[in-house]
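S.K.: Here you go, one structure.
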Amino acid sequence: MITVQTKINASIDKAWDFWRLPEHIVKWNSPSNDWYTSKAENDLTLGGKFKYTMNAKEQDLHFDFEGVYTKVEKNKVIEYKLHDNRTGSIQFLENDNQIIVTETFEPTPSDPESMQQEWCQAVIDNFKKYVESFSK
């Protein structure tokens with residue numbers, strides 16, 4: 001399993017909404033300026049589906065990140081199963097006026113785990129920057 005984490009200075013409701021609403025997902029869901037999310041669909045309910053289309057800016061590369069939610073507890077936990085049957089979870093924890101967001105997931109066997117860890121840490125760090133930009 002791979003785990004990434006960040007601490008966000010924002011309310012739990014804001015962090016939760018920015019994680020689930022497509023109009024926000026397309027603004028933060030990228031690891032670097034070389035990538036962007038061109039489309040996000042998200043039904044954050046038990047059995048609901050999600051699909052994010054990620055594109056490289058300078059190349060003709062894109063992929064879909066998609067799956068189904070297997071557990072949803074508002075402002076606390078999200079669990080999912082990806083289209084290739086790998087699983088993951090995101091936990092939201094309030095602690096000392098901060099939100100700790102922790103994502104744990106099964107790595108894909110085709111890519112080095114260190115690359116996947118760096119990619120996902122960069123995405124969650126971008127989420128932190130995006131959410132906190134609304135808290136100033």
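Scheme for the structure tokens: letters A, B, ... for chains in order shown; per-chain residue numbers from 1; ligand numbers from 1 in order shown.
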Within chain A, find each residue whose DSSP state, derived from the backbone, is strand (DSSP E or B), and express the selection as a VMD selection string.
M.R.: chain A and resid 2 to 8 35 to 42 49 to 56 62 to 73 77 to 82 87 to 95 98 to 105
S.K.: What's the 10 Å shell around Ile99 (chain A), counting only C-alpha atoms, without same-chain residues fewer than 3 positions away, as a PDB file with N, CA and C atoms, in the first residue's frame?
M.R.:
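around37.pdb, written as the output of this step:
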ATOM      1  N   THR A   6      -1.423  15.137   3.950  1.00  0.00           N
ATOM      2  CA  THR A   6      -1.188  16.570   4.049  1.00  0.00           C
ATOM      3  C   THR A   6      -2.043  17.132   5.179  1.00  0.00           C
ATOM      4  N   LYS A   7      -1.631  18.290   5.679  1.00  0.00           N
ATOM      5  CA  LYS A   7      -2.399  19.015   6.698  1.00  0.00           C
ATOM      6  C   LYS A   7      -2.868  20.319   6.087  1.00  0.00           C
ATOM      7  N   ILE A   8      -4.162  20.599   6.246  1.00  0.00           N
ATOM      8  CA  ILE A   8      -4.772  21.756   5.588  1.00  0.00           C
ATOM      9  C   ILE A   8      -5.361  22.686   6.637  1.00  0.00           C
ATOM     10  N   ASN A   9      -5.092  23.960   6.492  1.00  0.00           N
ATOM     11  CA  ASN A   9      -5.686  24.984   7.355  1.00  0.00           C
ATOM     12  C   ASN A   9      -6.993  25.441   6.716  1.00  0.00           C
ATOM     13  N   ALA A  10      -8.066  24.732   7.048  1.00  0.00           N
ATOM     14  CA  ALA A  10      -9.395  25.044   6.502  1.00  0.00           C
ATOM     15  C   ALA A  10     -10.428  24.266   7.308  1.00  0.00           C
ATOM     16  N   SER A  11     -11.677  24.574   7.073  1.00  0.00           N
ATOM     17  CA  SER A  11     -12.743  23.828   7.752  1.00  0.00           C
ATOM     18  C   SER A  11     -12.903  22.458   7.098  1.00  0.00           C
ATOM     19  N   ILE A  12     -13.412  21.517   7.875  1.00  0.00           N
ATOM     20  CA  ILE A  12     -13.665  20.177   7.356  1.00  0.00           C
ATOM     21  C   ILE A  12     -14.685  20.221   6.216  1.00  0.00           C
ATOM     22  N   ASP A  13     -15.684  21.075   6.329  1.00  0.00           N
ATOM     23  CA  ASP A  13     -16.703  21.167   5.271  1.00  0.00           C
ATOM     24  C   ASP A  13     -16.094  21.662   3.961  1.00  0.00           C
ATOM     25  N   LYS A  14     -15.220  22.651   4.046  1.00  0.00           N
ATOM     26  CA  LYS A  14     -14.591  23.173   2.829  1.00  0.00           C
ATOM     27  C   LYS A  14     -13.701  22.103   2.190  1.00  0.00           C
ATOM     28  N   ALA A  15     -12.883  21.434   2.999  1.00  0.00           N
ATOM     29  CA  ALA A  15     -12.003  20.393   2.463  1.00  0.00           C
ATOM     30  C   ALA A  15     -12.824  19.279   1.809  1.00  0.00           C
ATOM     31  N   TRP A  16     -13.876  18.861   2.474  1.00  0.00           N
ATOM     32  CA  TRP A  16     -14.731  17.796   1.940  1.00  0.00           C
ATOM     33  C   TRP A  16     -15.373  18.230   0.617  1.00  0.00           C
ATOM     34  N   ASN A  75     -17.358  13.883   5.694  1.00  0.00           N
ATOM     35  CA  ASN A  75     -16.329  14.572   6.468  1.00  0.00           C
ATOM     36  C   ASN A  75     -15.394  13.623   7.217  1.00  0.00           C
ATOM     37  N   GLN A  91      -8.975   9.550   4.215  1.00  0.00           N
ATOM     38  CA  GLN A  91      -9.481   9.866   5.549  1.00  0.00           C
ATOM     39  C   GLN A  91      -9.325  11.351   5.799  1.00  0.00           C
ATOM     40  N   PHE A  92     -10.347  11.940   6.396  1.00  0.00           N
ATOM     41  CA  PHE A  92     -10.343  13.347   6.785  1.00  0.00           C
ATOM     42  C   PHE A  92     -10.433  13.383   8.309  1.00  0.00           C
ATOM     43  N   LEU A  93      -9.450  14.004   8.956  1.00  0.00           N
ATOM     44  CA  LEU A  93      -9.417  14.046  10.412  1.00  0.00           C
ATOM     45  C   LEU A  93      -9.198  15.481  10.866  1.00  0.00           C
ATOM     46  N   GLU A  94     -10.095  15.976  11.710  1.00  0.00           N
ATOM     47  CA  GLU A  94      -9.918  17.312  12.294  1.00  0.00           C
ATOM     48  C   GLU A  94      -8.988  17.204  13.492  1.00  0.00           C
ATOM     49  N   ASN A  95      -7.965  18.095  13.526  1.00  0.00           N
ATOM     50  CA  ASN A  95      -7.011  18.061  14.620  1.00  0.00           C
ATOM     51  C   ASN A  95      -6.386  19.439  14.791  1.00  0.00           C
ATOM     52  N   ASP A  96      -6.618  20.073  15.930  1.00  0.00           N
ATOM     53  CA  ASP A  96      -6.009  21.382  16.239  1.00  0.00           C
ATOM     54  C   ASP A  96      -6.222  22.407  15.124  1.00  0.00           C
ATOM     55  N   THR A 102      -5.465  11.917   4.559  1.00  0.00           N
ATOM     56  CA  THR A 102      -4.574  10.785   4.317  1.00  0.00           C
ATOM     57  C   THR A 102      -5.190   9.891   3.258  1.00  0.00           C
ATOM     58  N   LYS A 128      -4.079  20.802  -1.046  1.00  0.00           N
ATOM     59  CA  LYS A 128      -3.851  21.666   0.118  1.00  0.00           C
ATOM     60  C   LYS A 128      -3.717  23.127  -0.315  1.00  0.00           C
TER      61      LYS A 128
END
S.K.: Using only C-alpha atoms, determine which residues lie at most 9 Å from Gln121 (chain A), disregarding the query and same-chain residues fewer than 6 positions distant; provide the list as a PDB file with C-alpha atoms, in the first residue's frame.
M.R.:
ATOM      1  CA  THR A   3       0.128   6.374   1.768  1.00  0.00           C
ATOM      2  CA  VAL A   4       0.262  10.140   1.210  1.00  0.00           C
ATOM      3  CA  GLN A   5      -0.815  12.832   3.649  1.00  0.00           C
ATOM      4  CA  THR A   6      -1.188  16.570   4.049  1.00  0.00           C
ATOM      5  CA  PRO A  31       0.717  16.705  -9.758  1.00  0.00           C
TER       6      PRO A  31
END
S.K.: Taking only C-alpha atoms into account, name the residue in A:Glu23, A:Asp60, A:Glu106, A:Glu118 that is nearest to Leu82 (chain A).
M.R.: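 Checking each of A:Glu23, A:Asp60, A:Glu106, A:Glu118 against Leu82 (chain A), counting only C-alpha atoms, the winner is A:Glu106.
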S.K.: Residues at most 7 Å from Thr37 (chain A), counting only C-alpha atoms, excluding those fewer than 6 positions away in the same chain, as a list in words?
M.R.: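 The residues satisfying every condition are Val26, Asn29, Ser30, Tyr52, Thr53, Met54 and Asn55 of chain A.
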S.K.: Identify, with DSSP run on backbone atoms, the residues in region 1-130 of chain A assigned to alpha helix (DSSP H), and express the list as a PyMOL selection string.
M.R.: chain A and resi 12-20+22-28+113-130
S.K.: So the first atom is CA of Tyr36 (chain A) and the second is CA of Tyr69 (chain A); what is the distance between them in Å, to one decimal place?
M.R.: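 According to the coordinates, CA of Tyr36 (chain A) and CA of Tyr69 (chain A) are separated by 22.9 Å.
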S.K.: Considering only C-alpha atoms, can you say which of A:Gln98, A:Thr70, A:Gln59, A:Thr87 comes closest to Trp35 (chain A)?
M.R.: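 Under the stated criterion, the closest residue is A:Gln59.
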S.K.: Within 9 Å of Leu21 (chain A), counting only C-alpha atoms, which residues show up once you throw out same-chain ones fewer than 6 positions away? Write them as number ranges by chain, please.
M.R.: A: 40-44
S.K.: Could you list, as a count of residues only, every residue within 12 Å of Leu46 (chain A), counting only C-alpha atoms and ignoring same-chain residues fewer than 3 positions away?
M.R.: 17
S.K.: What gap, in Å, lies between CA of Asp84 (chain A) and CA of Glu113 (chain A)?
M.R.: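 Computed distance, CA of Asp84 (chain A) to CA of Glu113 (chain A), equals 16.7 Å.
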S.K.: Using only C-alpha atoms, find the one residue out of A:Thr104, A:Asn97, A:Ser110, A:Thr45 that sits nearest to Ile124 (chain A).
M.R.: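 Using only C-alpha atoms, the shortest distance to Ile124 (chain A) belongs to A:Thr104.
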